[in-house]
$ cat run.cif   # mmCIF, C-alpha atoms
data_input
#
loop_
_atom_site.group_PDB
_atom_site.id
_atom_site.type_symbol
_atom_site.label_atom_id
_atom_site.label_comp_id
_atom_site.auth_asym_id
_atom_site.auth_seq_id
_atom_site.Cartn_x
_atom_site.Cartn_y
_atom_site.Cartn_z
ATOM 1 C CA HIS K 15 0.000 0.000 0.000
ATOM 2 C CA TYR K 16 1.071 3.545 -0.675
ATOM 3 C CA VAL K 17 0.840 6.476 1.697
ATOM 4 C CA TRP K 18 0.415 9.901 0.100
ATOM 5 C CA ASN K 19 -0.030 13.228 1.846
ATOM 6 C CA LEU K 20 -0.231 16.949 1.097
ATOM 7 C CA ARG K 21 3.549 17.203 1.049
ATOM 8 C CA ASP K 22 3.529 15.097 -2.135
ATOM 9 C CA ILE K 23 1.068 17.469 -3.804
ATOM 10 C CA SER K 24 3.217 20.414 -2.747
ATOM 11 C CA LYS K 25 6.206 18.732 -4.465
ATOM 12 C CA VAL K 26 4.227 18.693 -7.717
ATOM 13 C CA PHE K 27 3.605 22.429 -7.444
ATOM 14 C CA GLN K 28 7.194 23.041 -6.405
ATOM 15 C CA GLY K 29 8.274 21.274 -9.600
ATOM 16 C CA LEU K 30 5.859 23.351 -11.671
ATOM 17 C CA MET K 31 7.320 26.511 -10.176
ATOM 18 C CA MET K 32 10.862 25.527 -11.222
ATOM 19 C CA ALA K 33 9.950 26.232 -14.859
ATOM 20 C CA GLY K 34 9.895 29.823 -16.025
ATOM 21 C CA PRO K 35 8.159 31.644 -18.874
ATOM 22 C CA ARG K 36 10.965 30.738 -21.295
ATOM 23 C CA SER K 37 10.259 27.033 -20.776
ATOM 24 C CA ILE K 38 6.471 27.123 -21.043
ATOM 25 C CA THR K 39 5.673 27.980 -24.647
ATOM 26 C CA GLY K 40 1.995 27.038 -24.590
ATOM 27 C CA THR K 41 -0.696 24.828 -23.158
ATOM 28 C CA ASP K 42 0.927 21.636 -24.435
ATOM 29 C CA SER K 43 4.239 22.321 -22.693
ATOM 30 C CA MET K 44 2.447 23.181 -19.436
ATOM 31 C CA ILE K 45 0.500 19.916 -19.559
ATOM 32 C CA ARG K 46 3.695 17.979 -20.316
ATOM 33 C CA LEU K 47 5.432 19.669 -17.363
ATOM 34 C CA TRP K 48 2.485 18.858 -15.089
ATOM 35 C CA LEU K 49 2.561 15.208 -16.211
ATOM 36 C CA HIS K 50 6.331 15.078 -15.696
ATOM 37 C CA GLU K 51 6.028 16.378 -12.145
ATOM 38 C CA LEU K 52 3.206 13.962 -11.323
ATOM 39 C CA THR K 53 5.312 11.156 -12.747
ATOM 40 C CA ARG K 54 8.350 12.120 -10.669
ATOM 41 C CA VAL K 55 6.372 12.464 -7.435
ATOM 42 C CA PHE K 56 3.915 9.570 -7.694
ATOM 43 C CA HIS K 57 4.967 7.152 -10.445
ATOM 44 C CA ASP K 58 8.583 6.917 -9.287
ATOM 45 C CA ARG K 59 7.416 5.519 -5.939
ATOM 46 C CA LEU K 60 5.277 2.743 -7.442
ATOM 47 C CA ILE K 61 6.743 -0.682 -6.850
ATOM 48 C CA ASN K 62 5.383 -2.945 -9.581
ATOM 49 C CA ALA K 63 4.516 -2.937 -13.270
ATOM 50 C CA LYS K 64 0.774 -3.307 -12.647
ATOM 51 C CA ASP K 65 0.678 -0.086 -10.603
ATOM 52 C CA ARG K 66 2.810 1.768 -13.150
ATOM 53 C CA GLU K 67 0.512 0.693 -15.992
ATOM 54 C CA TRP K 68 -2.466 1.868 -13.949
ATOM 55 C CA TYR K 69 -0.742 5.239 -13.487
ATOM 56 C CA TYR K 70 -0.079 5.571 -17.234
ATOM 57 C CA GLY K 71 -3.699 4.779 -18.090
ATOM 58 C CA VAL K 72 -5.198 7.155 -15.530
ATOM 59 C CA SER K 73 -2.805 9.971 -16.508
ATOM 60 C CA VAL K 74 -3.662 9.764 -20.190
ATOM 61 C CA GLU K 75 -7.384 9.454 -19.448
ATOM 62 C CA LEU K 76 -7.368 12.532 -17.185
ATOM 63 C CA VAL K 77 -5.335 14.645 -19.617
ATOM 64 C CA ILE K 78 -7.709 13.891 -22.486
ATOM 65 C CA LYS K 79 -10.825 14.325 -20.338
ATOM 66 C CA HIS K 80 -9.986 17.473 -18.372
ATOM 67 C CA PHE K 81 -7.822 19.331 -20.863
ATOM 68 C CA ARG K 82 -10.130 18.394 -23.760
ATOM 69 C CA LEU K 83 -7.319 17.191 -25.954
ATOM 70 C CA GLY K 84 -7.650 14.742 -28.790
ATOM 71 C CA ASN K 85 -5.717 11.498 -28.928
ATOM 72 C CA ASP K 86 -3.181 12.951 -31.367
ATOM 73 C CA GLY K 87 0.096 13.133 -29.432
ATOM 74 C CA TRP K 88 -1.544 12.346 -26.098
ATOM 75 C CA THR K 89 -1.702 8.542 -26.139
ATOM 76 C CA ARG K 90 0.024 6.349 -23.585
ATOM 77 C CA GLU K 91 2.792 5.502 -26.043
ATOM 78 C CA ASP K 92 3.281 9.179 -26.958
ATOM 79 C CA LEU K 93 3.582 10.317 -23.344
ATOM 80 C CA PHE K 94 5.272 7.305 -21.784
ATOM 81 C CA PRO K 95 7.186 5.498 -24.556
ATOM 82 C CA THR K 96 8.708 2.166 -23.667
ATOM 83 C CA SER K 97 12.454 2.295 -23.237
ATOM 84 C CA THR K 98 13.001 -0.842 -25.337
ATOM 85 C CA GLY K 99 12.488 0.929 -28.642
ATOM 86 C CA GLU K 100 14.790 3.780 -27.681
ATOM 87 C CA ASP K 101 17.549 1.430 -26.597
ATOM 88 C CA ASP K 102 17.182 -0.673 -29.742
ATOM 89 C CA ASP K 103 17.457 2.432 -31.893
ATOM 90 C CA PHE K 104 20.416 3.692 -29.853
ATOM 91 C CA ALA K 105 22.146 0.338 -30.267
ATOM 92 C CA ALA K 106 21.349 0.279 -33.988
ATOM 93 C CA ASP K 107 22.749 3.787 -34.414
ATOM 94 C CA THR K 108 25.922 2.775 -32.568
ATOM 95 C CA ASP K 109 26.245 -0.325 -34.776
ATOM 96 C CA VAL K 110 25.930 1.794 -37.937
ATOM 97 C CA THR K 111 28.583 4.236 -36.687
ATOM 98 C CA LEU K 112 30.976 1.405 -35.780
ATOM 99 C CA ALA K 113 30.353 -0.298 -39.127
ATOM 100 C CA ARG K 114 31.154 2.928 -41.010
ATOM 101 C CA LYS K 115 34.375 3.381 -39.003
ATOM 102 C CA SER K 116 35.488 -0.201 -39.643
ATOM 103 C CA VAL K 117 34.804 0.057 -43.383
ATOM 104 C CA ASN K 118 36.843 3.277 -43.535
ATOM 105 C CA ALA K 119 39.673 1.666 -41.563
ATOM 106 C CA PHE K 120 40.119 -1.056 -44.206
ATOM 107 C CA ALA K 121 40.139 1.252 -47.216
ATOM 108 C CA ASP K 122 43.269 0.943 -49.375
ATOM 109 C CA LYS K 123 43.422 4.663 -50.132
ATOM 110 C CA PRO K 124 41.586 7.604 -48.618
ATOM 111 C CA GLY K 125 39.798 8.277 -51.936
ATOM 112 C CA ASP K 126 38.513 4.703 -52.458
ATOM 113 C CA LYS K 127 34.789 4.347 -52.965
ATOM 114 C CA GLN K 128 33.235 2.971 -49.787
ATOM 115 C CA PRO K 129 30.317 0.570 -49.687
ATOM 116 C CA SER K 130 27.233 2.271 -48.358
ATOM 117 C CA ILE K 131 25.962 1.401 -44.905
ATOM 118 C CA SER K 132 22.219 1.830 -44.695
ATOM 119 C CA VAL K 133 20.522 3.266 -41.644
ATOM 120 C CA PRO K 134 17.981 0.849 -40.136
ATOM 121 C CA ALA K 135 14.317 1.680 -40.687
ATOM 122 C CA ALA K 136 13.847 2.001 -36.916
ATOM 123 C CA LEU K 137 16.085 5.081 -36.963
ATOM 124 C CA LYS K 138 14.106 6.739 -39.739
ATOM 125 C CA LYS K 139 10.792 6.718 -37.877
ATOM 126 C CA ASN K 140 9.715 9.768 -35.927
ATOM 127 C CA LYS K 141 10.839 9.675 -32.349
ATOM 128 C CA LYS K 142 8.449 10.448 -29.550
ATOM 129 C CA LYS K 143 9.586 13.170 -27.187
ATOM 130 C CA PRO K 144 10.646 11.829 -23.814
ATOM 131 C CA LEU K 145 8.606 13.233 -20.950
ATOM 132 C CA LEU K 146 11.658 14.647 -19.164
ATOM 133 C CA TRP K 147 12.331 18.130 -17.824
ATOM 134 C CA VAL K 148 15.873 19.022 -16.758
ATOM 135 C CA ASP K 149 17.939 22.038 -15.757
ATOM 136 C CA PHE K 150 21.304 20.979 -17.172
ATOM 137 C CA MET K 151 20.750 21.223 -20.948
ATOM 138 C CA ARG K 152 22.793 24.437 -21.109
ATOM 139 C CA PRO K 153 26.259 23.670 -19.714
ATOM 140 C CA GLY K 154 28.323 26.307 -17.961
ATOM 141 C CA LEU K 155 25.488 28.294 -16.409
ATOM 142 C CA PRO K 156 25.546 28.963 -12.659
ATOM 143 C CA MET K 157 22.757 27.307 -10.640
ATOM 144 C CA ALA K 158 20.801 30.561 -10.304
ATOM 145 C CA GLU K 159 20.609 30.996 -14.098
ATOM 146 C CA ARG K 160 19.732 27.415 -15.050
ATOM 147 C CA VAL K 161 16.509 26.930 -16.961
ATOM 148 C CA TYR K 162 14.185 24.032 -16.112
ATOM 149 C CA GLU K 163 13.157 22.974 -19.608
ATOM 150 C CA GLU K 164 11.889 19.986 -21.511
ATOM 151 C CA ALA K 165 14.434 17.673 -23.072
ATOM 152 C CA THR K 166 12.875 17.096 -26.467
ATOM 153 C CA LYS K 167 15.324 14.482 -27.775
ATOM 154 C CA MET K 168 16.901 11.615 -25.896
ATOM 155 C CA ARG K 169 20.001 11.777 -28.111
ATOM 156 C CA ASN K 170 20.639 15.413 -27.125
ATOM 157 C CA LEU K 171 20.264 14.516 -23.462
ATOM 158 C CA ILE K 172 22.705 11.611 -23.834
ATOM 159 C CA GLY K 173 25.153 13.932 -25.619
ATOM 160 C CA ILE K 174 24.992 16.495 -22.786
ATOM 161 C CA LEU K 175 25.564 13.790 -20.163
ATOM 162 C CA ASP K 176 28.513 12.451 -22.173
ATOM 163 C CA ASP K 177 29.963 15.978 -22.275
ATOM 164 C CA TYR K 178 29.600 16.310 -18.494
ATOM 165 C CA GLN K 179 31.327 12.935 -18.081
ATOM 166 C CA VAL K 180 34.236 14.019 -20.310
ATOM 167 C CA GLU K 181 34.557 17.255 -18.306
ATOM 168 C CA TYR K 182 34.573 15.253 -15.057
ATOM 169 C CA ASN K 183 37.233 12.862 -16.399
ATOM 170 C CA VAL K 184 39.469 15.775 -17.448
ATOM 171 C CA ASN K 185 39.309 17.335 -13.971
ATOM 172 C CA ASN K 186 39.585 14.192 -11.795
ATOM 173 C CA LYS K 187 42.045 11.348 -11.379
ATOM 174 C CA ARG K 188 39.311 8.787 -10.830
ATOM 175 C CA GLN K 189 37.743 8.280 -14.248
ATOM 176 C CA LEU K 190 34.097 7.517 -15.001
ATOM 177 C CA ASN K 191 33.219 5.281 -17.903
ATOM 178 C CA LEU K 192 29.420 5.301 -17.920
ATOM 179 C CA VAL K 193 27.115 4.285 -20.746
ATOM 180 C CA PHE K 194 23.995 6.452 -20.866
ATOM 181 C CA PHE K 195 21.183 4.248 -22.149
ATOM 182 C CA SER K 196 17.627 5.553 -21.778
ATOM 183 C CA ASP K 197 16.900 4.035 -18.348
ATOM 184 C CA ALA K 198 20.198 5.356 -16.956
ATOM 185 C CA VAL K 199 19.383 8.820 -18.325
ATOM 186 C CA LYS K 200 15.967 8.719 -16.659
ATOM 187 C CA HIS K 201 17.602 7.826 -13.334
ATOM 188 C CA VAL K 202 20.055 10.724 -13.679
ATOM 189 C CA VAL K 203 17.125 13.073 -14.370
ATOM 190 C CA ARG K 204 15.321 11.803 -11.244
ATOM 191 C CA ILE K 205 18.428 12.293 -9.098
ATOM 192 C CA CYS K 206 19.040 15.810 -10.432
ATOM 193 C CA ARG K 207 15.441 16.786 -9.737
ATOM 194 C CA VAL K 208 15.650 15.521 -6.153
ATOM 195 C CA LEU K 209 18.936 17.347 -5.564
ATOM 196 C CA ARG K 210 17.540 20.566 -7.041
ATOM 197 C CA GLN K 211 14.637 20.589 -4.581
#
$ encode --input "run.cif" --output "C-alpha cells"
Amino acid sequence: HYVWNLRDISKVFQGLMMAGPRSITGTDSMIRLWLHELTRVFHDRLINAKDREWYYGVSVELVIKHFRLGNDGWTREDLFPTSTGEDDDFAADTDVTLARKSVNAFADKPGDKQPSISVPAALKKNKKKPLLWVDFMRPGLPMAERVYEEATKMRNLIGILDDYQVEYNVNNKRQLNLVFFSDAVKHVVRICRVLRQ
C-alpha cells in the first residue's frame, strides 16, 4: 500500500514553479510539465509494473478528459514510450557508426569508394519526445541561471551527459566510464530533480 499526503502534492507544485516563462511555450508544454512532475512524485514511488501501468492509463485518461485534448500526441505511447524501442534504436545507431568506421579503416586509399551502410528503418521513424524536464541542458550556467526545460530528444540529453562525463574525467584522477542508455538517463534526471529541490 502507498501512503500519500499533502507534502507530495506540494512537491508537484514546487516542480511546476521551477519552470519559467521561457520554458512554457503554450498549453501543451504546461500539460507535459504537469505530467512530468506527477510522474516524478507519484509514479517513481510505485513498486510494480501493474501499478505503473495503472498510473499511465489514468494519466492519459485525465489529460484527455480534463484538458479536452484529442488522442493525437496524447496517447500512452506518446507520453510514456517504452524504453526498449529507444535502446534498440540507440544500439542500432551505434552499430551503424561502428560499421562505417570499420569500413573506412580497411580502405586501401583515402579516396577509395566505400560501400554504403544503410541506416535501419527504426532510426528513420519519428521519435516520440521523452517526458523529461531538466535544468542541465545548457552547460556552464551557474545554478541561479539554469533553466528548467523539456528535453525534447533523448540523443541530445545523452550527448549532454557524455559531455559532463568528459569534463569530469578531465578534472579528476578517478575516471568515469558510464554508458547512458535511456533508463540510466531517466535515473540521472530523477536524481538531479531531487537534488535541485
$ atom_distance --input "run.cif" --atom1 "CA of Phe94 in chain K" --atom2 "CA of Ser73 in chain K"
10.0 Å
$ residues_near_point --input "run.cif" --point "(10.6, 27.3, -19.1)" --cutoff "8 Å" --atoms "all atoms listed in the file" --output "CSV table (one decimal) with C-alpha atoms, in the coordinates of the input"
chain,number,residue,atom,x,y,z
K,33,ALA,CA,10.0,26.2,-14.9
K,34,GLY,CA,9.9,29.8,-16.0
K,35,PRO,CA,8.2,31.6,-18.9
K,36,ARG,CA,11.0,30.7,-21.3
K,37,SER,CA,10.3,27.0,-20.8
K,38,ILE,CA,6.5,27.1,-21.0
K,39,THR,CA,5.7,28.0,-24.6
K,161,VAL,CA,16.5,26.9,-17.0
K,162,TYR,CA,14.2,24.0,-16.1
K,163,GLU,CA,13.2,23.0,-19.6
K,164,GLU,CA,11.9,20.0,-21.5
$ closest_residue --input "run.cif" --among "K:Gly71, K:Gly154, K:Trp88, K:Lys167" --to "Glu181 in chain K" --atoms "only C-alpha atoms"
K:Gly154
$ resolve_selection --input "run.cif" --expression "the PyMOL selection byres ((chain K and resi 166) around 8)" --output "list in words"
Lys143, Pro144, Leu145, Leu146, Glu164, Ala165, Lys167, Met168 and Asn170 of chain K
$ axis_aligned_box --input "run.cif" --around "range 58-65 of chain K" --padding-each-side "6 Å" --output "lines of an AutoDock Vina configuration file"
center_x = 4.6
center_y = 1.8
center_z = -9.6
size_x = 19.9
size_y = 22.2
size_z = 19.3
$ closest_residue --input "run.cif" --among "K:Arg59, K:Arg169, K:Arg207, K:Arg90" --to "Val72 in chain K" --atoms "all atoms listed in the file"
K:Arg90
$ atom_distance --input "run.cif" --atom1 "CA of Gln179 in chain K" --atom2 "CA of Asp58 in chain K"
25.1 Å
$ resolve_selection --input "run.cif" --expression "the PyMOL selection byres ((chain K and resi 25-28) around 8)" --output "list in words"
Arg21, Asp22, Ile23, Ser24, Gly29, Leu30, Met31, Met32, Trp48, Glu51, Leu52 and Val55 of chain K
$ atom_distance --input "run.cif" --atom1 "CA of Val199 in chain K" --atom2 "CA of Thr41 in chain K"
26.1 Å
$ resolve_selection --input "run.cif" --expression "the PyMOL selection byres ((chain K and resi 192) around 12)" --output "list in words"
Ile172, Leu175, Asp176, Asp177, Tyr178, Gln179, Val180, Tyr182, Asn183, Gln189, Leu190, Asn191, Val193, Phe194, Phe195, Ala198, Val199 and Val202 of chain K
$ closest_residue --input "run.cif" --among "K:Ile174, K:Trp147, K:Ile61, K:Leu209" --to "Leu47 in chain K" --atoms "all atoms listed in the file"
K:Trp147
$ closest_residue --input "run.cif" --among "K:Gly173, K:Phe56, K:Asp65, K:Arg46" --to "Ser196 in chain K" --atoms "all atoms listed in the file"
K:Gly173
$ residues_around --input "run.cif" --residues "Ala158 in chain K" --least-positions-apart "6" --cutoff "12 Å" --atoms "all atoms listed in the file" --output "list of chain:residue names"
K:Met32, K:Asp149, K:Phe150, K:Arg210
$ write_last_selection --input "run.cif" --atoms "C-alpha atoms" --output "mmCIF file, keeping the file's coordinate frame"
data_model
loop_
_atom_site.group_PDB
_atom_site.id
_atom_site.type_symbol
_atom_site.label_atom_id
_atom_site.label_comp_id
_atom_site.auth_asym_id
_atom_site.auth_seq_id
_atom_site.Cartn_x
_atom_site.Cartn_y
_atom_site.Cartn_z
ATOM 1 C CA MET K 32 10.862 25.527 -11.222
ATOM 2 C CA ASP K 149 17.939 22.038 -15.757
ATOM 3 C CA PHE K 150 21.304 20.979 -17.172
ATOM 4 C CA ARG K 210 17.540 20.566 -7.041
#
